[in-house]
Amino acid sequence: MKVPLLDLKVQYRTIKDEIMDVTANIFESQYFILGPHVEILEKEIAEYCSVKYSIGVSSGTDALLIALMAAGIGPGDSVITTPYTFFATAGSIARLGAKPVFADIDPDTYNISPDKISEIVCSMKAVERARLKAIMPVHLYGQCADMDPILDIAKKFNLLVIEDAAQAIGSEYKGMRAGSMGSFGCFSFFPSKNLGAFGDGGIVTVQAAIFYEKLHILRVHGSHPKYYHRYIGGNFRLDAIQAAVVSVKLKHLDSWTEARQKNAQKYAKLFVEAGIDEKIKLPVQKESRHIFNQFVIEVPEKRDELRNHLNNAGIGNEVYYPVPLHLQECFAYLGYRKGDMPVSEHAALRTVALPIYPELTEDMQTYVVEKIREFYLA
């Protein structure tokens, strides 16, 4: 049996007619950059995420970058974030000349630890604290970070909070949607996300009008009015085709999320029935709405050998992420060493993502669990 990590072709077949209708309309209009389809999506996402405004941008990476720019973060500043995430999180900070400051993660959710954030801030000298401008938590794998203590720390030390919610649209923390709790929420529409476009795309959610207006200007090279530049911005525009595709998919997102959640429950049941639930650490759901953008288990040993076993059985799998950011070569200048982030380093060696997409069948899940059982109990 073949079980891909993700099968977008199956999803596409269920929405093909809707997609063809809306893209045909765009081709007839020849209006490809920004325009009405982007404006419609911005209103839809703002409503979905329970915020006042959203700004469509060219990618999830650019969502992070433009949010940092709108926050005025640049050379000499620093931002606390997690070392256990996709590169764009810290990369966007560094691209602006600011310094990423890494705080280790919670061992159960793999999200940034508020206790570690507090330790870092409280241990800073006055001059270091003066340079600290923001906290950038990541809602990893579709589960929100523990936001109340993070927001408390931010308020105490006058810091902005920029939510990296690239993997988490629709997730909730105590009933609050991802992207609605900080000053900015940054989302990705990369095709593999739970809400994916047919190419690159992203969006920034924001509550404050002053930030909304600045984002609007920065998105078009800092121009307002046209050809008059108050800021140095960039080409961060979302194109109409991607916006229209995401609008179509947004109508189905809650049903897809429900299917992902049911698949997560099925996995838990199957691992218990297979007698290996105590060997395999299943995802821990701490917050009110986990949308399972990924289903990541932690294994006791031989993770890479297990991956080879799964690959040979035709089962897609992935490691998110094999090298924590504090150990990446390009961040060597920050001075971190192996052992500085022990929880992140442990997760990098022990975790593996299994297929969780909405169209996954129970037979496929049974096969996945059987093969993992075969590896550990053979």
# chains A, B, ... in the order shown; residues from 1 in each chain; ligands from 1
>>> residues_around(residues="Ile93 (chain A)", least_positions_apart="6", cutoff="12 Å", atoms="only C-alpha atoms", output="PyMOL selection string")
chain A and resi 61-69+71-82+87+99-102+133-136+162+331
>>> residues_around(residues="region 23-27 of chain A", least_positions_apart="3", cutoff="10 Å", atoms="only C-alpha atoms", output="list in words")
Glu18, Ile19, Met20, Gln30, Tyr31, Phe32, His37, Ala240, Ile241, Gln242, Ala244 and Val245 of chain A
>>> write_last_selection(atoms="C-alpha atoms", output="PDB file, in the first residue's frame")
ATOM      1  CA  GLU A  18     -15.075  25.755  -8.011  1.00  0.00           C
ATOM      2  CA  ILE A  19     -11.419  26.399  -8.791  1.00  0.00           C
ATOM      3  CA  MET A  20     -11.936  26.332 -12.548  1.00  0.00           C
ATOM      4  CA  GLN A  30      -6.712  39.876 -16.747  1.00  0.00           C
ATOM      5  CA  TYR A  31      -6.483  41.381 -13.233  1.00  0.00           C
ATOM      6  CA  PHE A  32      -3.689  39.341 -11.673  1.00  0.00           C
ATOM      7  CA  HIS A  37     -10.128  38.816  -5.178  1.00  0.00           C
ATOM      8  CA  ALA A 240      -5.286  37.351  -7.510  1.00  0.00           C
ATOM      9  CA  ILE A 241      -5.146  33.691  -8.538  1.00  0.00           C
ATOM     10  CA  GLN A 242      -3.696  32.595  -5.211  1.00  0.00           C
ATOM     11  CA  ALA A 244      -9.115  33.230  -5.272  1.00  0.00           C
ATOM     12  CA  VAL A 245      -7.899  29.660  -4.701  1.00  0.00           C
TER      13      VAL A 245
END
>>> atom_distance(atom1="CA of Val22 (chain A)", atom2="CA of Ala243 (chain A)")
10.3 Å
>>> select_by_dssp(residues="region 96-155 of chain A", states="helix (DSSP H, G or I)", output="list in words")
Pro114, Asp115, Lys116, Ile117, Ser118, Glu119, Ile120, Val121, Cys122, Ser123, Ala126, Val127, Glu128, Arg129, Ala130, Arg131, Leu140, Tyr141, Gly142, Met147, Asp148, Pro149, Ile150, Leu151, Asp152, Ile153, Ala154 and Lys155 of chain A
>>> closest_residue(among="A:Ser29, A:Gln294, A:Ser59, A:Ser50", to="Gly142 (chain A)", atoms="only C-alpha atoms")
A:Gln294
>>> residues_around(residues="Lys286 (chain A)", least_positions_apart="2", cutoff="9 Å", atoms="only C-alpha atoms", output="list of chain:residue names")
A:Asp108, A:Thr109, A:Gln143, A:Cys144, A:Asp146, A:Val284, A:Ser288, A:Arg289, A:His290
>>> residues_around(residues="Phe189 (chain A)", least_positions_apart="4", cutoff="12 Å", atoms="only C-alpha atoms", output="NGL selection string")
:A and (45 or 56-63 or 165-169 or 193-204 or 238 or 242-247 or 249-250)
>>> select_by_dssp(residues="region 202-257 of chain A", states="strand (DSSP E)", output="list in words")
Gly202, Ile203, Val204, Thr205 and Val206 of chain A
>>> write_last_selection(atoms="C-alpha atoms", output="JSON list (two decimals), in the first residue's frame")
[["chain", "number", "residue", "atom", "x", "y", "z"],
["A", 202, "GLY", "CA", 0.53, 34.48, 2.87],
["A", 203, "ILE", "CA", -1.40, 36.95, 4.97],
["A", 204, "VAL", "CA", -0.87, 39.14, 8.04],
["A", 205, "THR", "CA", -3.64, 39.68, 10.57],
["A", 206, "VAL", "CA", -3.62, 42.81, 12.69]]
>>> residues_around(residues="Pro283 (chain A)", least_positions_apart="5", cutoff="7 Å", atoms="only C-alpha atoms", output="ChimeraX atom specification")
/A:295-297
>>> atom_distance(atom1="CA of Pro324 (chain A)", atom2="CA of Pro83 (chain A)")
5.3 Å
>>> residues_around(residues="Lys2 (chain A)", least_positions_apart="4", cutoff="12 Å", atoms="only C-alpha atoms", output="ChimeraX atom specification")
/A:6-7,310-317,355,360-361,363-365,367-368
>>> atom_distance(atom1="CA of Asn111 (chain A)", atom2="CA of Met341 (chain A)")
12.9 Å
>>> closest_residue(among="A:Ala145, A:Ala268, A:Leu354, A:Leu151", to="Leu5 (chain A)", atoms="only C-alpha atoms")
A:Leu354
>>> closest_residue(among="A:Val369, A:Val38, A:Cys330, A:Leu306", to="Glu273 (chain A)", atoms="only C-alpha atoms")
A:Val369
>>> residues_around(residues="Asp304 (chain A)", least_positions_apart="3", cutoff="10 Å", atoms="only C-alpha atoms", output="JSON, numbers by chain")
{"A": [301, 307, 308, 309, 310, 319, 349, 350, 351, 352]}
>>> closest_residue(among="A:Pro300, A:Phe184, A:Thr366, A:Ala348", to="Asn263 (chain A)", atoms="only C-alpha atoms")
A:Thr366
>>> decode(residues="region 83-134 of chain A", atoms="C-alpha atoms", output="CSV table (one decimal), in the first residue's frame")
chain,number,residue,atom,x,y,z
A,83,PRO,CA,14.9,27.4,17.7
A,84,TYR,CA,12.5,24.6,16.8
A,85,THR,CA,10.7,25.9,13.7
A,86,PHE,CA,11.1,26.4,10.0
A,87,PHE,CA,14.0,28.6,9.1
A,88,ALA,CA,11.9,31.6,8.0
A,89,THR,CA,11.0,32.5,11.6
A,90,ALA,CA,14.5,33.4,12.7
A,91,GLY,CA,15.7,34.1,9.1
A,92,SER,CA,13.3,37.0,8.8
A,93,ILE,CA,14.6,38.6,12.0
A,94,ALA,CA,18.2,38.2,10.9
A,95,ARG,CA,17.5,39.6,7.4
A,96,LEU,CA,16.5,42.9,8.9
A,97,GLY,CA,19.8,43.1,10.9
A,98,ALA,CA,18.1,42.2,14.2
A,99,LYS,CA,19.3,39.4,16.5
A,100,PRO,CA,17.3,36.2,17.0
A,101,VAL,CA,17.4,35.2,20.7
A,102,PHE,CA,16.4,31.6,21.2
A,103,ALA,CA,14.3,30.2,24.0
A,104,ASP,CA,13.9,26.4,24.3
A,105,ILE,CA,10.7,24.6,23.9
A,106,ASP,CA,8.0,22.8,25.9
A,107,PRO,CA,8.7,19.0,25.8
A,108,ASP,CA,5.1,18.1,25.2
A,109,THR,CA,3.9,20.6,22.6
A,110,TYR,CA,7.3,21.5,21.1
A,111,ASN,CA,6.1,25.1,21.3
A,112,ILE,CA,8.3,27.9,22.8
A,113,SER,CA,8.4,27.7,26.6
A,114,PRO,CA,7.1,30.8,28.4
A,115,ASP,CA,9.3,29.9,31.4
A,116,LYS,CA,12.4,30.0,29.2
A,117,ILE,CA,11.3,33.3,27.7
A,118,SER,CA,11.0,34.7,31.2
A,119,GLU,CA,14.4,33.4,32.2
A,120,ILE,CA,16.1,35.0,29.2
A,121,VAL,CA,14.4,38.4,29.7
A,122,CYS,CA,15.1,38.5,33.4
A,123,SER,CA,18.7,37.5,33.0
A,124,MET,CA,19.4,40.3,30.5
A,125,LYS,CA,21.4,43.3,31.4
A,126,ALA,CA,19.7,46.7,31.1
A,127,VAL,CA,21.4,47.5,27.7
A,128,GLU,CA,20.3,44.1,26.3
A,129,ARG,CA,16.8,44.5,27.5
A,130,ALA,CA,16.6,47.9,25.9
A,131,ARG,CA,17.4,46.3,22.5
A,132,LEU,CA,14.7,43.6,22.9
A,133,LYS,CA,11.7,44.6,20.9
A,134,ALA,CA,9.4,41.6,20.4
